[in-house]
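protein_15.pdb (PDB, C-alpha atoms)
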MODEL        1
ATOM      1  CA  MET B1263     -14.934  34.116 -36.933
ATOM      2  CA  GLY B1264     -12.458  35.698 -34.518
ATOM      3  CA  VAL B1265     -10.754  33.903 -31.688
ATOM      4  CA  ALA B1266     -12.838  35.675 -29.021
ATOM      5  CA  GLY B1267     -16.091  34.811 -30.807
ATOM      6  CA  PHE B1268     -14.990  31.220 -31.240
ATOM      7  CA  ILE B1269     -14.152  30.861 -27.535
ATOM      8  CA  LEU B1270     -17.482  32.423 -26.483
ATOM      9  CA  ARG B1271     -19.424  30.206 -28.870
ATOM     10  CA  ARG B1272     -17.684  27.032 -27.748
ATOM     11  CA  SER B1273     -17.942  28.006 -24.078
ATOM     12  CA  ALA B1274     -21.695  28.466 -24.409
ATOM     13  CA  ALA B1275     -21.977  25.083 -26.117
ATOM     14  CA  ALA B1276     -19.801  23.545 -23.393
ATOM     15  CA  ILE B1277     -22.144  24.843 -20.678
ATOM     16  CA  VAL B1278     -25.111  23.247 -22.442
ATOM     17  CA  VAL B1279     -23.225  19.959 -22.744
ATOM     18  CA  LEU B1280     -22.241  20.040 -19.052
ATOM     19  CA  VAL B1281     -25.853  20.661 -18.020
ATOM     20  CA  GLY B1282     -26.972  17.680 -20.102
ATOM     21  CA  LEU B1283     -24.124  15.579 -18.695
ATOM     22  CA  SER B1284     -25.028  16.541 -15.125
ATOM     23  CA  ILE B1285     -28.648  15.480 -15.667
ATOM     24  CA  LEU B1286     -27.614  12.185 -17.261
ATOM     25  CA  ILE B1287     -25.053  11.178 -14.642
ATOM     26  CA  PHE B1288     -27.308  12.418 -11.813
ATOM     27  CA  VAL B1289     -30.129  10.131 -12.954
ATOM     28  CA  VAL B1290     -27.832   7.171 -13.705
ATOM     29  CA  ALA B1291     -26.124   7.440 -10.305
ATOM     30  CA  ARG B1292     -29.487   7.236  -8.549
ATOM     31  CA  ILE B1293     -30.922   4.305 -10.475
ATOM     32  CA  ILE B1294     -27.889   2.060  -9.803
ATOM     33  CA  PRO B1295     -29.162  -0.795  -7.585
ATOM     34  CA  GLY B1296     -28.482  -0.415  -3.878
ATOM     35  CA  ASP B1297     -29.329   2.044  -1.122
ATOM     36  CA  PRO B1298     -26.457   4.565  -0.844
ATOM     37  CA  ALA B1299     -27.426   5.496   2.718
ATOM     38  CA  ARG B1300     -27.343   1.871   3.840
ATOM     39  CA  MET B1301     -24.056   1.256   1.999
ATOM     40  CA  ALA B1302     -22.516   4.306   3.652
ATOM     41  CA  LEU B1303     -23.637   3.434   7.191
ATOM     42  CA  GLY B1304     -23.101  -0.313   6.980
ATOM     43  CA  SER B1305     -25.250  -3.251   7.983
ATOM     44  CA  VAL B1306     -25.084  -2.433  11.713
ATOM     45  CA  ALA B1307     -26.856   0.909  11.325
ATOM     46  CA  THR B1308     -30.437   1.143  12.554
ATOM     47  CA  PRO B1309     -33.319   1.913  10.189
ATOM     48  CA  GLU B1310     -33.727   5.272  11.943
ATOM     49  CA  GLN B1311     -30.094   6.214  11.209
ATOM     50  CA  VAL B1312     -30.460   5.177   7.588
ATOM     51  CA  GLU B1313     -33.652   7.177   7.206
ATOM     52  CA  LYS B1314     -32.048  10.221   8.811
ATOM     53  CA  LEU B1315     -29.170  10.101   6.309
ATOM     54  CA  ARG B1316     -31.568   9.612   3.414
ATOM     55  CA  ASN B1317     -33.482  12.680   4.558
ATOM     56  CA  ARG B1318     -30.298  14.762   4.848
ATOM     57  CA  LEU B1319     -29.279  13.756   1.314
ATOM     58  CA  HIS B1320     -32.825  14.377  -0.018
ATOM     59  CA  LEU B1321     -32.955  10.758  -1.199
ATOM     60  CA  ASP B1322     -36.553  10.539  -0.021
ATOM     61  CA  GLU B1323     -37.514  13.290  -2.479
ATOM     62  CA  SER B1324     -38.350  12.971  -6.168
ATOM     63  CA  LEU B1325     -35.530  13.119  -8.722
ATOM     64  CA  PRO B1326     -36.378  16.680  -9.933
ATOM     65  CA  ILE B1327     -36.224  17.983  -6.355
ATOM     66  CA  GLN B1328     -32.953  16.121  -5.723
ATOM     67  CA  TYR B1329     -31.475  17.607  -8.890
ATOM     68  CA  TRP B1330     -32.656  21.099  -7.942
ATOM     69  CA  GLU B1331     -30.975  20.784  -4.548
ATOM     70  CA  PHE B1332     -27.808  19.638  -6.312
ATOM     71  CA  ILE B1333     -27.867  22.600  -8.710
ATOM     72  CA  LYS B1334     -28.342  25.046  -5.832
ATOM     73  CA  GLY B1335     -25.305  23.589  -4.110
ATOM     74  CA  LEU B1336     -23.308  23.582  -7.347
ATOM     75  CA  ALA B1337     -24.007  27.295  -7.831
ATOM     76  CA  ARG B1338     -22.263  27.860  -4.471
ATOM     77  CA  GLY B1339     -19.350  25.621  -5.463
ATOM     78  CA  ASP B1340     -20.672  22.840  -3.227
ATOM     79  CA  LEU B1341     -20.856  19.368  -4.776
ATOM     80  CA  GLY B1342     -22.303  17.866  -1.608
ATOM     81  CA  GLU B1343     -20.871  15.483   0.937
ATOM     82  CA  SER B1344     -19.103  12.232   0.128
ATOM     83  CA  LEU B1345     -20.780   9.242   1.756
ATOM     84  CA  VAL B1346     -17.415   7.474   2.049
ATOM     85  CA  THR B1347     -14.942  10.141   3.158
ATOM     86  CA  ARG B1348     -17.580  12.224   4.992
ATOM     87  CA  ARG B1349     -15.941  15.317   3.530
ATOM     88  CA  SER B1350     -17.072  17.802   0.929
ATOM     89  CA  VAL B1351     -16.723  16.317  -2.557
ATOM     90  CA  SER B1352     -15.275  19.658  -3.668
ATOM     91  CA  LEU B1353     -12.448  19.285  -1.142
ATOM     92  CA  ASP B1354     -11.870  15.668  -2.172
ATOM     93  CA  LEU B1355     -11.556  16.724  -5.815
ATOM     94  CA  ILE B1356      -9.223  19.599  -4.920
ATOM     95  CA  ASP B1357      -7.001  17.041  -3.173
ATOM     96  CA  THR B1358      -7.115  14.343  -5.879
ATOM     97  CA  PHE B1359      -7.527  16.171  -9.207
ATOM     98  CA  PRO B1360      -4.027  17.774  -9.288
ATOM     99  CA  ALA B1361      -2.406  14.344  -8.880
ATOM    100  CA  THR B1362      -4.300  12.943 -11.869
ATOM    101  CA  LEU B1363      -3.723  16.108 -13.901
ATOM    102  CA  GLU B1364       0.016  15.945 -13.207
ATOM    103  CA  LEU B1365       0.081  12.292 -14.265
ATOM    104  CA  VAL B1366      -1.923  12.910 -17.441
ATOM    105  CA  LEU B1367       0.124  15.985 -18.412
ATOM    106  CA  ALA B1368       3.342  13.991 -18.040
ATOM    107  CA  ALA B1369       1.854  11.092 -20.025
ATOM    108  CA  GLY B1370       0.656  13.489 -22.731
ATOM    109  CA  LEU B1371       4.118  15.044 -22.969
ATOM    110  CA  ILE B1372       5.733  11.612 -23.365
ATOM    111  CA  MET B1373       3.062  10.628 -25.888
ATOM    112  CA  VAL B1374       3.816  13.626 -28.110
ATOM    113  CA  LEU B1375       7.606  13.839 -27.697
ATOM    114  CA  VAL B1376       8.149  10.140 -28.431
ATOM    115  CA  GLY B1377       5.148   9.066 -30.524
ATOM    116  CA  VAL B1378       5.220  11.849 -33.127
ATOM    117  CA  PRO B1379       8.995  11.664 -33.847
ATOM    118  CA  LEU B1380       8.690   7.877 -34.079
ATOM    119  CA  GLY B1381       5.957   8.302 -36.690
ATOM    120  CA  ILE B1382       8.071  10.830 -38.589
ATOM    121  CA  ILE B1383      11.021   8.420 -38.688
ATOM    122  CA  ALA B1384       8.774   5.540 -39.784
ATOM    123  CA  ALA B1385       7.297   7.647 -42.597
ATOM    124  CA  ARG B1386      10.704   8.929 -43.656
ATOM    125  CA  TYR B1387      12.062   5.353 -43.914
ATOM    126  CA  ARG B1388       8.778   3.674 -44.862
ATOM    127  CA  ASP B1389       8.824   0.054 -46.026
ATOM    128  CA  THR B1390      12.263  -0.497 -44.484
ATOM    129  CA  ALA B1391      13.420  -2.322 -41.352
ATOM    130  CA  VAL B1392      13.234   0.970 -39.419
ATOM    131  CA  ASP B1393       9.592   1.390 -40.435
ATOM    132  CA  ASN B1394       8.759  -2.213 -39.498
ATOM    133  CA  VAL B1395      10.314  -1.877 -36.034
ATOM    134  CA  ALA B1396       8.498   1.423 -35.435
ATOM    135  CA  ARG B1397       5.159  -0.053 -36.525
ATOM    136  CA  LEU B1398       5.681  -3.104 -34.310
ATOM    137  CA  PHE B1399       6.366  -0.852 -31.328
ATOM    138  CA  ALA B1400       3.279   1.231 -32.135
ATOM    139  CA  LEU B1401       1.120  -1.884 -32.425
ATOM    140  CA  LEU B1402       2.352  -3.230 -29.083
ATOM    141  CA  GLY B1403       1.572   0.093 -27.444
ATOM    142  CA  VAL B1404      -1.965   0.229 -28.841
ATOM    143  CA  VAL B1405      -3.026  -3.366 -28.130
ATOM    144  CA  THR B1406      -1.499  -3.733 -24.654
ATOM    145  CA  PRO B1407      -3.621  -2.367 -21.762
ATOM    146  CA  SER B1408      -2.077   0.345 -19.595
ATOM    147  CA  PHE B1409      -2.228  -1.737 -16.423
ATOM    148  CA  VAL B1410      -0.201  -4.495 -18.115
ATOM    149  CA  TRP B1411       2.462  -1.938 -18.996
ATOM    150  CA  ALA B1412       2.263  -0.643 -15.418
ATOM    151  CA  VAL B1413       2.964  -4.051 -13.906
ATOM    152  CA  PHE B1414       5.688  -4.857 -16.463
ATOM    153  CA  LEU B1415       7.487  -1.529 -15.975
ATOM    154  CA  MET B1416       7.228  -1.825 -12.203
ATOM    155  CA  LEU B1417       8.770  -5.308 -12.234
ATOM    156  CA  LEU B1418      11.525  -4.407 -14.707
ATOM    157  CA  LEU B1419      12.574  -0.875 -13.713
ATOM    158  CA  SER B1420      11.812  -1.005  -9.993
ATOM    159  CA  PHE B1421      12.207  -4.561  -8.704
ATOM    160  CA  VAL B1422      14.767  -5.972 -11.169
ATOM    161  CA  LEU B1423      16.890  -2.929 -12.064
ATOM    162  CA  GLY B1424      16.061  -0.754  -9.061
ATOM    163  CA  LEU B1425      16.162   2.425 -11.143
ATOM    164  CA  LEU B1426      12.913   4.071 -10.092
ATOM    165  CA  PRO B1427      10.664   4.115  -7.004
ATOM    166  CA  VAL B1428       7.687   1.793  -6.933
ATOM    167  CA  ALA B1429       4.750   3.783  -5.615
ATOM    168  CA  GLY B1430       3.418   7.071  -4.337
ATOM    169  CA  ARG B1431       4.138  10.647  -5.379
ATOM    170  CA  LEU B1432       7.036  11.439  -3.049
ATOM    171  CA  SER B1433       9.476   9.553  -0.840
ATOM    172  CA  GLU B1434       8.909   9.487   2.913
ATOM    173  CA  ALA B1435      12.089  11.525   3.410
ATOM    174  CA  PHE B1436      10.393  14.563   1.831
ATOM    175  CA  ASP B1437       7.396  16.568   2.980
ATOM    176  CA  PRO B1438       4.948  17.701   0.279
ATOM    177  CA  PRO B1439       5.955  21.122  -1.093
ATOM    178  CA  PRO B1440       3.810  24.183  -0.227
ATOM    179  CA  MET B1441       0.609  23.784  -2.212
ATOM    180  CA  VAL B1442       0.187  26.133  -5.147
ATOM    181  CA  SER B1443      -1.129  23.928  -7.942
ATOM    182  CA  GLY B1444      -1.300  20.600  -6.106
ATOM    183  CA  MET B1445       1.160  19.110  -8.622
ATOM    184  CA  TYR B1446       4.240  18.130  -6.643
ATOM    185  CA  THR B1447       6.719  18.665  -9.481
ATOM    186  CA  LEU B1448       5.515  22.195 -10.205
ATOM    187  CA  ASP B1449       5.073  23.157  -6.553
ATOM    188  CA  ALA B1450       8.552  21.886  -5.642
ATOM    189  CA  LEU B1451       9.989  23.844  -8.575
ATOM    190  CA  ILE B1452       8.211  27.013  -7.453
ATOM    191  CA  ALA B1453       9.438  26.540  -3.871
ATOM    192  CA  GLY B1454      12.996  25.908  -5.064
ATOM    193  CA  GLN B1455      13.041  22.455  -3.455
ATOM    194  CA  TRP B1456      15.249  20.817  -6.065
ATOM    195  CA  ARG B1457      15.762  17.490  -4.298
ATOM    196  CA  ALA B1458      12.013  17.125  -3.757
ATOM    197  CA  PHE B1459      11.448  18.113  -7.396
ATOM    198  CA  TRP B1460      13.804  15.381  -8.642
ATOM    199  CA  ASP B1461      12.244  12.846  -6.286
ATOM    200  CA  ALA B1462       8.742  13.748  -7.563
ATOM    201  CA  ILE B1463       9.972  13.387 -11.163
ATOM    202  CA  GLN B1464      11.340   9.915 -10.401
ATOM    203  CA  HIS B1465       8.007   8.863  -8.883
ATOM    204  CA  LEU B1466       6.158  10.265 -11.905
ATOM    205  CA  ILE B1467       8.131   8.538 -14.671
ATOM    206  CA  LEU B1468       6.807   4.985 -14.322
ATOM    207  CA  PRO B1469       3.050   5.702 -14.064
ATOM    208  CA  ALA B1470       3.253   8.386 -16.759
ATOM    209  CA  LEU B1471       5.109   6.046 -19.113
ATOM    210  CA  ALA B1472       2.638   3.209 -18.483
ATOM    211  CA  LEU B1473      -0.277   5.549 -19.173
ATOM    212  CA  ALA B1474       1.369   7.083 -22.250
ATOM    213  CA  LEU B1475       2.376   3.927 -24.146
ATOM    214  CA  ALA B1476      -1.029   3.307 -25.748
ATOM    215  CA  GLY B1477      -1.341   6.916 -26.900
ATOM    216  CA  MET B1478       2.312   6.910 -27.950
ATOM    217  CA  GLY B1479       1.685   3.981 -30.253
ATOM    218  CA  GLN B1480      -1.438   5.658 -31.601
ATOM    219  CA  ALA B1481       0.466   8.901 -32.246
ATOM    220  CA  ALA B1482       3.260   7.044 -34.048
ATOM    221  CA  ARG B1483       0.845   5.019 -36.168
ATOM    222  CA  LEU B1484      -1.281   8.019 -37.205
ATOM    223  CA  THR B1485       1.691  10.266 -37.878
ATOM    224  CA  ARG B1486       3.314   7.595 -40.008
ATOM    225  CA  THR B1487       0.118   6.912 -41.983
ATOM    226  CA  ASN B1488      -0.721  10.582 -42.571
ATOM    227  CA  MET B1489       2.839  11.550 -43.530
ATOM    228  CA  ALA B1490       3.129   8.565 -45.898
ATOM    229  CA  GLU B1491      -0.004   9.847 -47.643
ATOM    230  CA  VAL B1492       1.388  13.395 -47.836
ATOM    231  CA  TYR B1493       4.679  12.084 -49.269
ATOM    232  CA  GLY B1494       2.714  10.902 -52.312
ATOM    233  CA  ARG B1495       1.523  14.392 -53.233
ATOM    234  CA  GLN B1496       2.945  16.353 -56.142
ATOM    235  CA  TYR B1497       4.333  19.266 -54.177
ATOM    236  CA  ILE B1498       6.605  16.856 -52.236
ATOM    237  CA  GLU B1499       8.001  15.590 -55.538
ATOM    238  CA  MET B1500       8.458  19.189 -56.651
ATOM    239  CA  ALA B1501      10.351  19.996 -53.441
ATOM    240  CA  ARG B1502      12.660  17.059 -54.104
ATOM    241  CA  ALA B1503      13.134  18.241 -57.689
ATOM    242  CA  PHE B1504      14.301  21.597 -56.337
ATOM    243  CA  ALA B1505      16.859  19.743 -54.165
ATOM    244  CA  PHE B1506      15.255  20.521 -50.808
ATOM    245  CA  ARG B1507      16.813  18.566 -47.955
ATOM    246  CA  GLU B1508      14.881  15.496 -46.841
ATOM    247  CA  HIS B1509      14.598  16.611 -43.199
ATOM    248  CA  GLU B1510      13.276  19.985 -44.382
ATOM    249  CA  ILE B1511      10.685  18.274 -46.560
ATOM    250  CA  ALA B1512       9.649  16.038 -43.673
ATOM    251  CA  LEU B1513       9.320  18.723 -41.001
ATOM    252  CA  LYS B1514       8.170  21.714 -43.040
ATOM    253  CA  TYR B1515       6.097  20.311 -45.888
ATOM    254  CA  ALA B1516       4.944  16.829 -44.850
ATOM    255  CA  LEU B1517       4.482  17.017 -41.080
ATOM    256  CA  ARG B1518       2.320  20.122 -40.866
ATOM    257  CA  PRO B1519      -0.643  18.873 -42.959
ATOM    258  CA  ALA B1520      -0.216  15.366 -41.542
ATOM    259  CA  MET B1521      -0.492  16.634 -37.961
ATOM    260  CA  ILE B1522      -4.081  17.885 -38.260
ATOM    261  CA  PRO B1523      -5.889  14.506 -37.949
ATOM    262  CA  THR B1524      -3.162  13.286 -35.569
ATOM    263  CA  LEU B1525      -3.646  16.300 -33.308
ATOM    264  CA  THR B1526      -7.386  15.663 -33.129
ATOM    265  CA  ILE B1527      -6.889  12.065 -31.998
ATOM    266  CA  LEU B1528      -4.143  13.062 -29.544
ATOM    267  CA  GLY B1529      -6.510  15.563 -27.949
ATOM    268  CA  LEU B1530      -9.150  12.890 -27.514
ATOM    269  CA  ASP B1531      -6.569  10.443 -26.121
ATOM    270  CA  PHE B1532      -5.418  13.058 -23.607
ATOM    271  CA  ALA B1533      -8.961  13.691 -22.387
ATOM    272  CA  VAL B1534      -9.761   9.978 -22.203
ATOM    273  CA  MET B1535      -6.658   9.388 -20.053
ATOM    274  CA  LEU B1536      -8.253  11.465 -17.274
ATOM    275  CA  GLY B1537     -10.867   8.779 -16.798
ATOM    276  CA  ASN B1538      -8.781   5.755 -17.766
ATOM    277  CA  ALA B1539      -5.914   6.483 -15.386
ATOM    278  CA  PHE B1540      -7.502   4.612 -12.471
ATOM    279  CA  LEU B1541      -5.789   1.256 -13.139
ATOM    280  CA  VAL B1542      -2.367   2.885 -13.360
ATOM    281  CA  GLU B1543      -3.148   4.907 -10.221
ATOM    282  CA  ALA B1544      -4.165   1.726  -8.428
ATOM    283  CA  VAL B1545      -0.965  -0.129  -9.420
ATOM    284  CA  PHE B1546       1.345   2.713  -8.395
ATOM    285  CA  VAL B1547      -0.697   3.790  -5.335
ATOM    286  CA  TRP B1548      -1.185   7.194  -6.953
ATOM    287  CA  PRO B1549      -3.800   9.187  -4.981
ATOM    288  CA  GLY B1550      -5.600  10.603  -7.999
ATOM    289  CA  MET B1551      -9.116  11.551  -8.999
ATOM    290  CA  ALA B1552      -9.576   8.621 -11.402
ATOM    291  CA  LYS B1553      -9.107   6.081  -8.609
ATOM    292  CA  TYR B1554     -11.318   8.204  -6.340
ATOM    293  CA  GLY B1555     -14.074   8.157  -8.968
ATOM    294  CA  VAL B1556     -13.950   4.381  -9.455
ATOM    295  CA  PHE B1557     -14.158   3.768  -5.696
ATOM    296  CA  ALA B1558     -17.106   6.171  -5.602
ATOM    297  CA  ILE B1559     -18.915   4.076  -8.222
ATOM    298  CA  LEU B1560     -18.206   0.818  -6.377
ATOM    299  CA  ARG B1561     -19.570   2.278  -3.136
ATOM    300  CA  LYS B1562     -22.383   4.228  -4.812
ATOM    301  CA  ASP B1563     -21.111   7.523  -3.443
ATOM    302  CA  LEU B1564     -23.626   9.634  -5.369
ATOM    303  CA  ASN B1565     -22.167  13.111  -4.988
ATOM    304  CA  ALA B1566     -18.624  11.893  -5.612
ATOM    305  CA  ILE B1567     -19.740  10.110  -8.813
ATOM    306  CA  VAL B1568     -21.445  13.214 -10.191
ATOM    307  CA  GLY B1569     -18.591  15.529  -9.192
ATOM    308  CA  THR B1570     -15.911  13.327 -10.762
ATOM    309  CA  VAL B1571     -17.794  12.892 -14.025
ATOM    310  CA  LEU B1572     -18.466  16.631 -14.290
ATOM    311  CA  VAL B1573     -14.776  17.456 -13.812
ATOM    312  CA  ILE B1574     -13.738  14.902 -16.459
ATOM    313  CA  GLY B1575     -16.460  16.207 -18.797
ATOM    314  CA  ALA B1576     -15.306  19.816 -18.331
ATOM    315  CA  MET B1577     -11.690  18.849 -19.041
ATOM    316  CA  PHE B1578     -12.797  16.931 -22.131
ATOM    317  CA  LEU B1579     -14.542  20.039 -23.492
ATOM    318  CA  ILE B1580     -11.579  22.306 -22.677
ATOM    319  CA  VAL B1581      -9.193  19.964 -24.501
ATOM    320  CA  ASN B1582     -11.485  19.911 -27.544
ATOM    321  CA  ILE B1583     -11.523  23.718 -27.676
ATOM    322  CA  ILE B1584      -7.714  23.836 -27.446
ATOM    323  CA  VAL B1585      -7.378  21.219 -30.191
ATOM    324  CA  ASP B1586      -9.687  23.204 -32.481
ATOM    325  CA  MET B1587      -7.603  26.347 -31.934
ATOM    326  CA  LEU B1588      -4.324  24.502 -32.591
ATOM    327  CA  THR B1589      -5.787  22.949 -35.730
ATOM    328  CA  ALA B1590      -6.801  26.369 -37.022
ATOM    329  CA  TYR B1591      -3.303  27.659 -36.230
ATOM    330  CA  ILE B1592      -1.605  24.827 -38.132
ATOM    331  CA  ASN B1593      -3.856  25.361 -41.145
ATOM    332  CA  PRO B1594      -5.189  28.974 -41.351
ATOM    333  CA  GLN B1595      -7.512  27.917 -44.185
ATOM    334  CA  ILE B1596      -9.599  26.082 -41.604
ATOM    335  CA  ARG B1597     -12.074  28.493 -40.021
ATOM    336  CA  LEU B1598     -12.370  28.482 -36.271
ATOM    337  CA  GLY B1599     -15.506  26.679 -35.206
ATOM    338  CA  ARG B1600     -15.346  24.000 -37.920
ATOM    339  CA  ARG B1601     -13.761  20.700 -36.984
ATOM    340  CA  VAL B1602     -11.525  18.818 -39.355
ATOM    341  CA  ALA B1603     -12.946  15.569 -40.683
TER     342      ALA B1603
ENDMDL
END
As structure tokens:
Amino acid sequence: MGVAGFILRRSAAAIVVLVGLSILIFVVARIIPGDPARMALGSVATPEQVEKLRNRLHLDESLPIQYWEFIKGLARGDLGESLVTRRSVSLDLIDTFPATLELVLAAGLIMVLVGVPLGIIAARYRDTAVDNVARLFALLGVVTPSFVWAVFLMLLLSFVLGLLPVAGRLSEAFDPPPMVSGMYTLDALIAGQWRAFWDAIQHLILPALALALAGMGQAARLTRTNMAEVYGRQYIEMARAFAFREHEIALKYALRPAMIPTLTILGLDFAVMLGNAFLVEAVFVWPGMAKYGVFAILRKDLNAIVGTVLVIGAMFLIVNIIVDMLTAYINPQIRLGRRVA
């Protein structure tokens, strides 16, 4: 199957999955106890005001009619109005999604650039003190929640050492760069605002590191385990017999096959971070979509709940498609469209 056919096939499947996800989250959001109209207007609102809002949101209609109204709006790019912000959910997501995406991309970069080399080193020096230290670090990363890392890193690097800023995306001395992508680091780079770019990087390091540590430990552990298994194969012994250098054996002959299962898990970890970033965003006052989605659930903001879940679901599917393509690139014997076990 060609690349174009693979993308079309997976895109069609993704649309079906998103439709099913929209139905599921639409129904779940509406059966959560509590009247969203009353919660939005507060206890001082009159019954007439509550009923008027319910009518405007079609909450007095049956679920199929409510879903049909939602689909009609979605076809126009309209996810409805947020009951909390009183703005279009689409606009809220445009404002908050780039912040979460920037955070997750930075965390994913740290996860790969630190976790995978750590696993390679541990596998290369397996059953030594280096391997034990690397495995201990990986275990700590996996078992410790992200918000614990967030608080620890904030106390150590911000309050004790004073190396990095505590919260927010940019210092008060800087105005946000002209919006292109919504990611401050990229937009400042495009605008040539180097001081703002460096300031945005400094604000990004702590939350990205806190979010990345669990995935970093997972990447190190999986890479180490998979490479240790590959090191036991006959062709590795043959490469050593032909006097190949150890670093060449590790990077060229052991890492490539070992990366296939690791890459699959890393892709899943990256997608999961989009939804799990809310605690880190809350600690570092990061105005992202994950925190927006959690507040929407707590306040039963129906349209915001559905919109947030659909965006996370779409990103999850996109990441899976990219992982499948990278897996097929690493090992051409794997046909596009078939996942690796």
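Taking CA of Ala1481 in chain B as the reference point, CA of Val1378 in chain B is found at 5.7 Å.
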Determine, counting all atoms listed in the file, which protein, DNA and RNA residues have an atom within 10 Å of an atom of range 1567-1576 of chain B; residues of the same chain fewer than 4 positions away are not included. Present the result as a ChimeraX atom specification.
-> /B:1276-1277,1279-1281,1283-1291,1332,1336,1340-1342,1344,1351-1352,1354-1355,1359,1533-1537,1551-1552,1554-1563,1580-1582
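The residue set within 10 Å of Glu1491 in chain B, counting only C-alpha atoms and dropping same-chain residues fewer than 5 places from it, reads Ala1385, Thr1485, Arg1486, Ala1516 and Ala1520 of chain B.
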Evaluate the PyMOL selection byres ((chain B and resi 1369) around 12) and report residues as a PyMOL selection string = chain B and resi 1362-1368+1370-1377+1408+1466-1478+1528+1531-1536+1539+1542
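Pairwise distance (CA of Arg1318 in chain B, CA of Glu1331 in chain B) equals 11.2 Å.
The shell of residues at most 7 Å from Lys1553 in chain B, with only C-alpha atoms counted and near chain neighbours (fewer than 5 positions) removed, consists of Phe1540, Glu1543 and Ala1544 of chain B.
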The PyMOL selection byres ((chain B and resi 1430) around 6) resolved against shown file, as a ChimeraX atom specification | /B:1429,1431-1432,1547-1548
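CA of Thr1447 in chain B is found 5.2 Å from CA of Phe1459 in chain B.
Among the candidate residues B:Gln1328, B:Glu1310, B:Val1545, B:Gly1529, the one lying nearest to Phe1414 in chain B is B:Val1545, with distances computed using all atoms listed in the file.
The nearest approach to Asp1389 in chain B among the residues B:Ile1452, B:Arg1483, B:Phe1504, B:Ala1490, with all atoms listed in the file taken into account, belongs to B:Ala1490.
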Hey, can I get the axis-aligned box for range 1563-1582 of chain B? All listed atoms, 5 Å padding on each side, centre and edge lengths in Å to one decimal, as JSON.
{"center_x": -16.4, "center_y": 14.9, "center_z": -15.5, "size_x": 24.4, "size_y": 24.8, "size_z": 34.1}
Give the answer as one residue: which of B:Tyr1387, B:Tyr1329, B:Arg1349, B:Leu1380 has the shortest atom-to-atom distance to Tyr1493 in chain B, using all atoms listed in the file?
-> B:Tyr1387
Matched chain/residue IDs from the PyMOL selection byres ((chain B and resi 1513) around 12), as a PyMOL selection string = chain B and resi 1378-1379+1381-1383+1385-1386+1485+1489+1492-1493+1498+1506-1512+1514-1521
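Taking all atoms listed in the file into account, Arg1397 in chain B lies nearest to B:Leu1484 out of the set B:Leu1484, B:Ile1583, B:Leu1418, B:Ile1592.
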